[in-house]
Amino acid sequence: MRKELKSKAVVYPMPVLMIATYDENGKVDVMNAAWGMICEPDKIFLSLSESHKTVKNLKITKAFTVSLADAEHVKEADFFGIASGNTMEDKFERSGLTASKSEKVNAPVIEEFPVTMECELAETVETDNVHAVIGKIVRATADEKVLGEDGQVDVSKSGIMMFDPFRLGYYVTGEKAGTAWNSGKELMD
Ligand SMILES: Cc1cc2nc3c(=O)[nH]c(=O)nc-3n(C[C@H](O)[C@H](O)[C@H](O)COP(=O)(O)O)c2cc1C
């Protein structure tokens, strides 16, 4: 028997994305976003409320970075989703994390997060159904400690987190269930 759930939006996993921006004075802000996904090979779509300091910042600087948060920094990542740069002057300083300027875009790279995409603002979308920003990814970098011998990110040792919208948990898993474009092949014959 199937039971109806309270929430209709039951996508799992969702990402734990850290959106980092500068304000007009070069001050760093970071927010947590779960509603985001790749929408072209070099584009990322983020559903962001217009009221966030992050959105005000990226409309001024036309740039932002998106990092994948790891479990080692779960406290800071969650804090970035609770506090707002609109009302907390020292939001980023309180986190104790460090930022350096991206070489490619006018936005900060947060050193402690293992994987980062550096984005130019490509488009903002405001309709009755969508409040979103789309970034053109001009560079992606990863801390070498999360790379495997093949030079690719090894999720089993990265600690990169996933968000669970059912119980609001952050999870990590490196357990492999199959190989994409391969596990289904036997049903092709
Ligand atoms: C787990 C989690 C996921 C979130 N996802 C989003 C999201 O996808 N879009 C959004 O607009 N806000 C999201 N938020 C809320 C913002 O992170 C939060 O309002 C933050 O204070 C905004 O910071 P800012 O005003 O400094 O930019 C999320 C918060 C948490 C804790």
# chains A, B, ... in the order shown; residues from 1 in each chain; ligands from 1
$ residues_near_ligand --ligand "ligand 1" --cutoff "7 Å" --atoms "only C-alpha atoms and all ligand atoms" --output "ChimeraX atom specification"
/A:16,29-36,46-49,51-55,78,80-86,163
$ write_last_selection --atoms "N, CA and C atoms" --output "mmCIF file, in the first residue's frame"
data_model
loop_
_atom_site.group_PDB
_atom_site.id
_atom_site.type_symbol
_atom_site.label_atom_id
_atom_site.label_comp_id
_atom_site.auth_asym_id
_atom_site.auth_seq_id
_atom_site.Cartn_x
_atom_site.Cartn_y
_atom_site.Cartn_z
ATOM 1 N N VAL A 16 24.455 20.043 -1.634
ATOM 2 C CA VAL A 16 24.725 21.042 -0.601
ATOM 3 C C VAL A 16 25.708 22.025 -1.228
ATOM 4 N N ASP A 29 30.370 36.962 1.094
ATOM 5 C CA ASP A 29 29.181 36.321 1.670
ATOM 6 C C ASP A 29 29.077 34.917 1.076
ATOM 7 N N VAL A 30 28.549 33.994 1.850
ATOM 8 C CA VAL A 30 28.329 32.622 1.371
ATOM 9 C C VAL A 30 26.946 32.186 1.835
ATOM 10 N N MET A 31 26.179 31.547 0.944
ATOM 11 C CA MET A 31 24.893 30.955 1.343
ATOM 12 C C MET A 31 24.833 29.493 0.932
ATOM 13 N N ASN A 32 23.956 28.763 1.596
ATOM 14 C CA ASN A 32 23.726 27.337 1.354
ATOM 15 C C ASN A 32 22.540 27.210 0.392
ATOM 16 N N ALA A 33 22.647 26.398 -0.636
ATOM 17 C CA ALA A 33 21.530 26.209 -1.569
ATOM 18 C C ALA A 33 21.410 24.738 -1.968
ATOM 19 N N ALA A 34 20.210 24.215 -1.810
ATOM 20 C CA ALA A 34 19.941 22.827 -2.205
ATOM 21 C C ALA A 34 19.267 22.758 -3.574
ATOM 22 N N TRP A 35 18.605 23.851 -3.956
ATOM 23 C CA TRP A 35 17.843 23.836 -5.203
ATOM 24 C C TRP A 35 18.738 24.309 -6.344
ATOM 25 N N GLY A 36 19.586 23.415 -6.812
ATOM 26 C CA GLY A 36 20.486 23.781 -7.901
ATOM 27 C C GLY A 36 20.943 22.555 -8.654
ATOM 28 N N LEU A 46 20.419 27.837 -10.385
ATOM 29 C CA LEU A 46 20.203 27.913 -8.939
ATOM 30 C C LEU A 46 18.893 28.632 -8.676
ATOM 31 N N SER A 47 18.032 28.018 -7.910
ATOM 32 C CA SER A 47 16.755 28.631 -7.566
ATOM 33 C C SER A 47 16.959 29.405 -6.264
ATOM 34 N N LEU A 48 17.081 30.721 -6.377
ATOM 35 C CA LEU A 48 17.450 31.542 -5.219
ATOM 36 C C LEU A 48 16.423 32.631 -4.971
ATOM 37 N N SER A 49 16.076 32.817 -3.713
ATOM 38 C CA SER A 49 15.159 33.898 -3.357
ATOM 39 C C SER A 49 15.851 35.243 -3.570
ATOM 40 N N SER A 51 15.511 37.916 -2.093
ATOM 41 C CA SER A 51 15.797 38.695 -0.887
ATOM 42 C C SER A 51 17.188 38.411 -0.311
ATOM 43 N N HIS A 52 17.828 37.342 -0.746
ATOM 44 C CA HIS A 52 19.120 36.984 -0.157
ATOM 45 C C HIS A 52 20.209 37.997 -0.512
ATOM 46 N N LYS A 53 21.106 38.213 0.433
ATOM 47 C CA LYS A 53 22.259 39.095 0.193
ATOM 48 C C LYS A 53 23.054 38.593 -1.014
ATOM 49 N N THR A 54 23.151 37.273 -1.112
ATOM 50 C CA THR A 54 23.866 36.640 -2.232
ATOM 51 C C THR A 54 23.345 37.129 -3.578
ATOM 52 N N VAL A 55 22.029 37.203 -3.714
ATOM 53 C CA VAL A 55 21.430 37.587 -4.994
ATOM 54 C C VAL A 55 21.702 39.069 -5.276
ATOM 55 N N ASP A 78 25.992 24.626 7.225
ATOM 56 C CA ASP A 78 24.633 24.837 7.713
ATOM 57 C C ASP A 78 24.450 26.274 8.195
ATOM 58 N N PHE A 80 25.829 28.855 7.010
ATOM 59 C CA PHE A 80 25.657 29.716 5.835
ATOM 60 C C PHE A 80 24.210 29.682 5.323
ATOM 61 N N GLY A 81 23.447 28.672 5.749
ATOM 62 C CA GLY A 81 22.043 28.587 5.359
ATOM 63 C C GLY A 81 21.078 29.118 6.405
ATOM 64 N N ILE A 82 21.624 29.472 7.573
ATOM 65 C CA ILE A 82 20.782 29.996 8.655
ATOM 66 C C ILE A 82 20.933 31.512 8.760
ATOM 67 N N ALA A 83 22.178 31.969 8.699
ATOM 68 C CA ALA A 83 22.470 33.403 8.861
ATOM 69 C C ALA A 83 22.421 34.108 7.514
ATOM 70 N N SER A 84 22.054 35.392 7.539
ATOM 71 C CA SER A 84 22.048 36.170 6.302
ATOM 72 C C SER A 84 23.021 37.340 6.388
ATOM 73 N N GLY A 85 23.719 37.554 5.293
ATOM 74 C CA GLY A 85 24.599 38.723 5.181
ATOM 75 C C GLY A 85 23.810 40.025 5.196
ATOM 76 N N ASN A 86 22.499 39.944 5.007
ATOM 77 C CA ASN A 86 21.661 41.150 5.097
ATOM 78 C C ASN A 86 21.630 41.707 6.510
ATOM 79 N N PHE A 163 21.934 16.552 0.601
ATOM 80 C CA PHE A 163 20.861 17.032 1.479
ATOM 81 C C PHE A 163 19.638 16.140 1.315
#
$ residues_around --residues "region 101-109 of chain A" --least-positions-apart "5" --cutoff "7 Å" --atoms "only C-alpha atoms" --output "list of chain:residue names"
A:Ala20, A:Thr21, A:Tyr22, A:Val28, A:Thr61, A:Ala63, A:Phe64, A:Thr65, A:Glu118, A:Cys119, A:Glu120
$ write_last_selection --atoms "C-alpha atoms" --output "JSON list (two decimals), in the first residue's frame"
[["chain", "number", "residue", "atom", "x", "y", "z"],
["A", 20, "ALA", "CA", 29.99, 32.66, -2.58],
["A", 21, "THR", "CA", 29.90, 36.30, -3.66],
["A", 22, "TYR", "CA", 31.49, 39.70, -3.00],
["A", 28, "VAL", "CA", 32.59, 37.94, 1.20],
["A", 61, "THR", "CA", 29.39, 41.75, -9.46],
["A", 63, "ALA", "CA", 29.76, 36.57, -10.73],
["A", 64, "PHE", "CA", 29.70, 33.87, -8.04],
["A", 65, "THR", "CA", 31.35, 30.59, -7.13],
["A", 118, "GLU", "CA", 33.73, 29.66, -10.81],
["A", 119, "CYS", "CA", 30.81, 31.28, -12.62],
["A", 120, "GLU", "CA", 29.91, 34.38, -14.55]]
$ closest_residue --among "A:Asp42, A:Val146, A:Asn57, A:Ala9" --to "Asn25 (chain A)" --atoms "only C-alpha atoms"
A:Asn57
$ residues_around --residues "region 1-7 of chain A" --least-positions-apart "6" --cutoff "12 Å" --atoms "only C-alpha atoms" --output "number ranges by chain"
A: 165-167
$ select_by_dssp --residues "region 60-177 of chain A" --states "helix (DSSP H, G or I)" --output "VMD selection string"
chain A and resid 60 to 61 71 to 82 91 to 95 144 to 146 155 to 158
$ write_last_selection --atoms "N, CA and C atoms" --output "PDB file, in the first residue's frame"
ATOM      1  N   ILE A  60      25.274  42.708  -8.690  1.00  0.00           N
ATOM      2  CA  ILE A  60      26.249  43.812  -8.796  1.00  0.00           C
ATOM      3  C   ILE A  60      27.537  43.330  -9.458  1.00  0.00           C
ATOM      4  N   THR A  61      28.070  42.210  -8.982  1.00  0.00           N
ATOM      5  CA  THR A  61      29.391  41.751  -9.463  1.00  0.00           C
ATOM      6  C   THR A  61      29.311  40.899 -10.718  1.00  0.00           C
ATOM      7  N   ALA A  71      31.623  17.026   4.662  1.00  0.00           N
ATOM      8  CA  ALA A  71      31.162  16.769   6.038  1.00  0.00           C
ATOM      9  C   ALA A  71      32.062  17.414   7.079  1.00  0.00           C
ATOM     10  N   GLU A  72      33.339  17.577   6.751  1.00  0.00           N
ATOM     11  CA  GLU A  72      34.260  18.208   7.694  1.00  0.00           C
ATOM     12  C   GLU A  72      33.804  19.634   8.025  1.00  0.00           C
ATOM     13  N   HIS A  73      33.040  20.239   7.098  1.00  0.00           N
ATOM     14  CA  HIS A  73      32.608  21.621   7.300  1.00  0.00           C
ATOM     15  C   HIS A  73      31.086  21.736   7.392  1.00  0.00           C
ATOM     16  N   VAL A  74      30.450  20.697   7.962  1.00  0.00           N
ATOM     17  CA  VAL A  74      28.975  20.705   8.042  1.00  0.00           C
ATOM     18  C   VAL A  74      28.466  21.855   8.911  1.00  0.00           C
ATOM     19  N   LYS A  75      29.199  22.180   9.955  1.00  0.00           N
ATOM     20  CA  LYS A  75      28.762  23.266  10.849  1.00  0.00           C
ATOM     21  C   LYS A  75      28.736  24.593  10.080  1.00  0.00           C
ATOM     22  N   GLU A  76      29.816  24.880   9.371  1.00  0.00           N
ATOM     23  CA  GLU A  76      29.905  26.142   8.633  1.00  0.00           C
ATOM     24  C   GLU A  76      28.889  26.165   7.485  1.00  0.00           C
ATOM     25  N   ALA A  77      28.745  25.012   6.790  1.00  0.00           N
ATOM     26  CA  ALA A  77      27.819  24.944   5.649  1.00  0.00           C
ATOM     27  C   ALA A  77      26.392  25.205   6.109  1.00  0.00           C
ATOM     28  N   ASP A  78      25.992  24.626   7.225  1.00  0.00           N
ATOM     29  CA  ASP A  78      24.633  24.837   7.713  1.00  0.00           C
ATOM     30  C   ASP A  78      24.450  26.274   8.195  1.00  0.00           C
ATOM     31  N   PHE A  79      25.473  26.788   8.872  1.00  0.00           N
ATOM     32  CA  PHE A  79      25.438  28.193   9.327  1.00  0.00           C
ATOM     33  C   PHE A  79      25.190  29.132   8.143  1.00  0.00           C
ATOM     34  N   PHE A  80      25.829  28.855   7.010  1.00  0.00           N
ATOM     35  CA  PHE A  80      25.657  29.716   5.835  1.00  0.00           C
ATOM     36  C   PHE A  80      24.210  29.682   5.323  1.00  0.00           C
ATOM     37  N   GLY A  81      23.447  28.672   5.749  1.00  0.00           N
ATOM     38  CA  GLY A  81      22.043  28.587   5.359  1.00  0.00           C
ATOM     39  C   GLY A  81      21.078  29.118   6.405  1.00  0.00           C
ATOM     40  N   ILE A  82      21.624  29.472   7.573  1.00  0.00           N
ATOM     41  CA  ILE A  82      20.782  29.996   8.655  1.00  0.00           C
ATOM     42  C   ILE A  82      20.933  31.512   8.760  1.00  0.00           C
ATOM     43  N   LYS A  91      29.087  37.762   8.975  1.00  0.00           N
ATOM     44  CA  LYS A  91      28.672  36.371   8.691  1.00  0.00           C
ATOM     45  C   LYS A  91      29.864  35.514   8.263  1.00  0.00           C
ATOM     46  N   PHE A  92      30.601  35.917   7.259  1.00  0.00           N
ATOM     47  CA  PHE A  92      31.684  35.067   6.775  1.00  0.00           C
ATOM     48  C   PHE A  92      32.815  34.964   7.803  1.00  0.00           C
ATOM     49  N   GLU A  93      33.181  36.069   8.441  1.00  0.00           N
ATOM     50  CA  GLU A  93      34.272  36.041   9.428  1.00  0.00           C
ATOM     51  C   GLU A  93      33.947  35.048  10.557  1.00  0.00           C
ATOM     52  N   ARG A  94      32.698  35.027  10.978  1.00  0.00           N
ATOM     53  CA  ARG A  94      32.299  34.109  12.057  1.00  0.00           C
ATOM     54  C   ARG A  94      32.540  32.651  11.720  1.00  0.00           C
ATOM     55  N   SER A  95      32.462  32.316  10.433  1.00  0.00           N
ATOM     56  CA  SER A  95      32.633  30.916  10.029  1.00  0.00           C
ATOM     57  C   SER A  95      34.060  30.441  10.253  1.00  0.00           C
ATOM     58  N   GLU A 144      43.496  18.778  -4.220  1.00  0.00           N
ATOM     59  CA  GLU A 144      44.095  17.520  -4.687  1.00  0.00           C
ATOM     60  C   GLU A 144      43.872  16.363  -3.722  1.00  0.00           C
ATOM     61  N   LYS A 145      43.538  16.682  -2.475  1.00  0.00           N
ATOM     62  CA  LYS A 145      43.334  15.596  -1.505  1.00  0.00           C
ATOM     63  C   LYS A 145      42.077  14.766  -1.828  1.00  0.00           C
ATOM     64  N   VAL A 146      41.164  15.292  -2.678  1.00  0.00           N
ATOM     65  CA  VAL A 146      39.968  14.507  -3.017  1.00  0.00           C
ATOM     66  C   VAL A 146      40.074  13.863  -4.403  1.00  0.00           C
ATOM     67  N   VAL A 155      34.565  10.421  -5.056  1.00  0.00           N
ATOM     68  CA  VAL A 155      33.553  10.782  -4.052  1.00  0.00           C
ATOM     69  C   VAL A 155      33.667   9.943  -2.792  1.00  0.00           C
ATOM     70  N   SER A 156      34.241   8.755  -2.917  1.00  0.00           N
ATOM     71  CA  SER A 156      34.320   7.897  -1.729  1.00  0.00           C
ATOM     72  C   SER A 156      35.295   8.459  -0.702  1.00  0.00           C
ATOM     73  N   LYS A 157      36.199   9.340  -1.118  1.00  0.00           N
ATOM     74  CA  LYS A 157      37.098   9.920  -0.116  1.00  0.00           C
ATOM     75  C   LYS A 157      36.957  11.440   0.007  1.00  0.00           C
ATOM     76  N   SER A 158      35.941  12.009  -0.669  1.00  0.00           N
ATOM     77  CA  SER A 158      35.812  13.470  -0.681  1.00  0.00           C
ATOM     78  C   SER A 158      35.018  13.999   0.508  1.00  0.00           C
TER      79      SER A 158
END
$ atom_distance --atom1 "CA of Ser183 (chain A)" --atom2 "CA of Val11 (chain A)"
21.7 Å
$ select_by_dssp --residues "region 50-182 of chain A" --states "strand (DSSP E)" --output "ChimeraX atom specification"
/A:63-68,99-101,108-110,115-126,131-142,162-164,169-171
$ write_last_selection --atoms "N, CA and C atoms" --output "CSV table (one decimal), in the first residue's frame"
chain,number,residue,atom,x,y,z
A,63,ALA,N,29.0,37.8,-10.9
A,63,ALA,CA,29.8,36.6,-10.7
A,63,ALA,C,29.5,35.9,-9.4
A,64,PHE,N,29.8,34.6,-9.3
A,64,PHE,CA,29.7,33.9,-8.0
A,64,PHE,C,30.5,32.6,-8.2
A,65,THR,N,30.8,31.9,-7.1
A,65,THR,CA,31.3,30.6,-7.1
A,65,THR,C,30.4,29.6,-6.4
A,66,VAL,N,30.4,28.4,-6.9
A,66,VAL,CA,29.6,27.3,-6.3
A,66,VAL,C,30.5,26.2,-5.8
A,67,SER,N,30.5,25.9,-4.5
A,67,SER,CA,31.3,24.9,-4.0
A,67,SER,C,30.4,23.7,-3.5
A,68,LEU,N,31.0,22.5,-3.5
A,68,LEU,CA,30.3,21.4,-2.9
A,68,LEU,C,30.9,21.2,-1.5
A,99,ALA,N,39.0,32.8,2.3
A,99,ALA,CA,38.6,33.0,0.9
A,99,ALA,C,39.7,33.6,0.1
A,100,SER,N,39.8,33.3,-1.2
A,100,SER,CA,40.8,34.0,-2.0
A,100,SER,C,40.0,34.3,-3.3
A,101,LYS,N,40.5,35.3,-4.0
A,101,LYS,CA,39.8,35.8,-5.2
A,101,LYS,C,40.0,34.8,-6.4
A,108,PRO,N,34.7,35.1,-4.7
A,108,PRO,CA,35.6,34.4,-3.8
A,108,PRO,C,35.6,32.9,-4.0
A,109,VAL,N,36.7,32.3,-3.8
A,109,VAL,CA,36.8,30.8,-3.7
A,109,VAL,C,37.0,30.5,-2.3
A,110,ILE,N,36.2,29.7,-1.7
A,110,ILE,CA,36.3,29.3,-0.3
A,110,ILE,C,37.3,28.1,-0.2
A,115,VAL,N,35.5,21.1,-3.8
A,115,VAL,CA,35.3,21.3,-5.2
A,115,VAL,C,34.6,22.6,-5.5
A,116,THR,N,35.0,23.3,-6.5
A,116,THR,CA,34.4,24.7,-6.7
A,116,THR,C,34.3,25.0,-8.2
A,117,MET,N,33.1,25.5,-8.6
A,117,MET,CA,32.9,26.1,-9.9
A,117,MET,C,32.9,27.6,-9.9
A,118,GLU,N,33.7,28.2,-10.8
A,118,GLU,CA,33.7,29.7,-10.8
A,118,GLU,C,32.8,30.1,-12.0
A,119,CYS,N,31.9,31.0,-11.6
A,119,CYS,CA,30.8,31.3,-12.6
A,119,CYS,C,30.7,32.8,-12.9
A,120,GLU,N,30.4,33.0,-14.2
A,120,GLU,CA,29.9,34.4,-14.5
A,120,GLU,C,28.4,34.3,-14.5
A,121,LEU,N,27.7,35.4,-14.1
A,121,LEU,CA,26.3,35.4,-14.2
A,121,LEU,C,25.8,35.5,-15.6
A,122,ALA,N,25.1,34.4,-16.1
A,122,ALA,CA,24.7,34.4,-17.4
A,122,ALA,C,23.3,35.0,-17.6
A,123,GLU,N,22.4,34.7,-16.6
A,123,GLU,CA,21.0,35.1,-16.7
A,123,GLU,C,20.3,35.1,-15.4
A,124,THR,N,19.4,36.0,-15.2
A,124,THR,CA,18.5,35.9,-14.0
A,124,THR,C,17.1,35.6,-14.6
A,125,VAL,N,16.4,34.7,-14.0
A,125,VAL,CA,15.0,34.4,-14.5
A,125,VAL,C,14.0,34.7,-13.4
A,126,GLU,N,13.1,35.5,-13.7
A,126,GLU,CA,12.0,35.9,-12.8
A,126,GLU,C,10.7,35.7,-13.5
A,131,HIS,N,12.4,31.7,-9.7
A,131,HIS,CA,13.3,32.8,-9.3
A,131,HIS,C,14.6,32.2,-9.3
A,132,ALA,N,15.4,32.4,-10.4
A,132,ALA,CA,16.6,31.7,-10.5
A,132,ALA,C,17.7,32.5,-11.1
A,133,VAL,N,18.9,32.0,-10.9
A,133,VAL,CA,20.1,32.6,-11.6
A,133,VAL,C,20.8,31.4,-12.3
A,134,ILE,N,21.3,31.8,-13.5
A,134,ILE,CA,22.1,30.8,-14.2
A,134,ILE,C,23.5,31.3,-14.4
A,135,GLY,N,24.4,30.4,-14.1
A,135,GLY,CA,25.8,30.8,-14.1
A,135,GLY,C,26.5,30.0,-15.3
A,136,LYS,N,27.4,30.8,-16.0
A,136,LYS,CA,28.3,30.1,-16.9
A,136,LYS,C,29.5,29.7,-16.2
A,137,ILE,N,29.8,28.4,-16.2
A,137,ILE,CA,31.0,27.9,-15.4
A,137,ILE,C,32.2,28.1,-16.3
A,138,VAL,N,33.1,28.9,-15.8
A,138,VAL,CA,34.3,29.2,-16.6
A,138,VAL,C,35.5,28.4,-16.1
A,139,ARG,N,35.4,27.9,-14.9
A,139,ARG,CA,36.5,27.0,-14.4
A,139,ARG,C,36.0,26.2,-13.2
A,140,ALA,N,36.5,25.0,-13.1
A,140,ALA,CA,36.2,24.2,-11.9
A,140,ALA,C,37.6,23.7,-11.3
A,141,THR,N,37.7,23.7,-10.0
A,141,THR,CA,38.9,23.2,-9.4
A,141,THR,C,38.5,22.3,-8.2
A,142,ALA,N,39.5,21.5,-7.8
A,142,ALA,CA,39.3,20.6,-6.7
A,142,ALA,C,40.6,20.5,-5.9
A,162,MET,N,25.3,15.3,0.8
A,162,MET,CA,24.0,15.4,0.1
A,162,MET,C,23.0,15.9,1.1
A,163,PHE,N,21.9,16.6,0.6
A,163,PHE,CA,20.9,17.0,1.5
A,163,PHE,C,19.6,16.1,1.3
A,164,ASP,N,19.0,15.8,2.4
A,164,ASP,CA,17.8,14.9,2.5
A,164,ASP,C,16.6,15.8,2.8
A,169,GLY,N,18.3,16.1,6.7
A,169,GLY,CA,19.6,15.7,7.1
A,169,GLY,C,20.7,16.0,6.1
A,170,TYR,N,21.9,16.0,6.5
A,170,TYR,CA,23.1,16.0,5.6
A,170,TYR,C,23.7,14.7,5.6
A,171,TYR,N,24.0,14.1,4.5
A,171,TYR,CA,24.5,12.7,4.4
A,171,TYR,C,25.8,12.7,3.5
$ atom_distance --atom1 "CA of Gly159 (chain A)" --atom2 "CA of Phe113 (chain A)"
10.1 Å
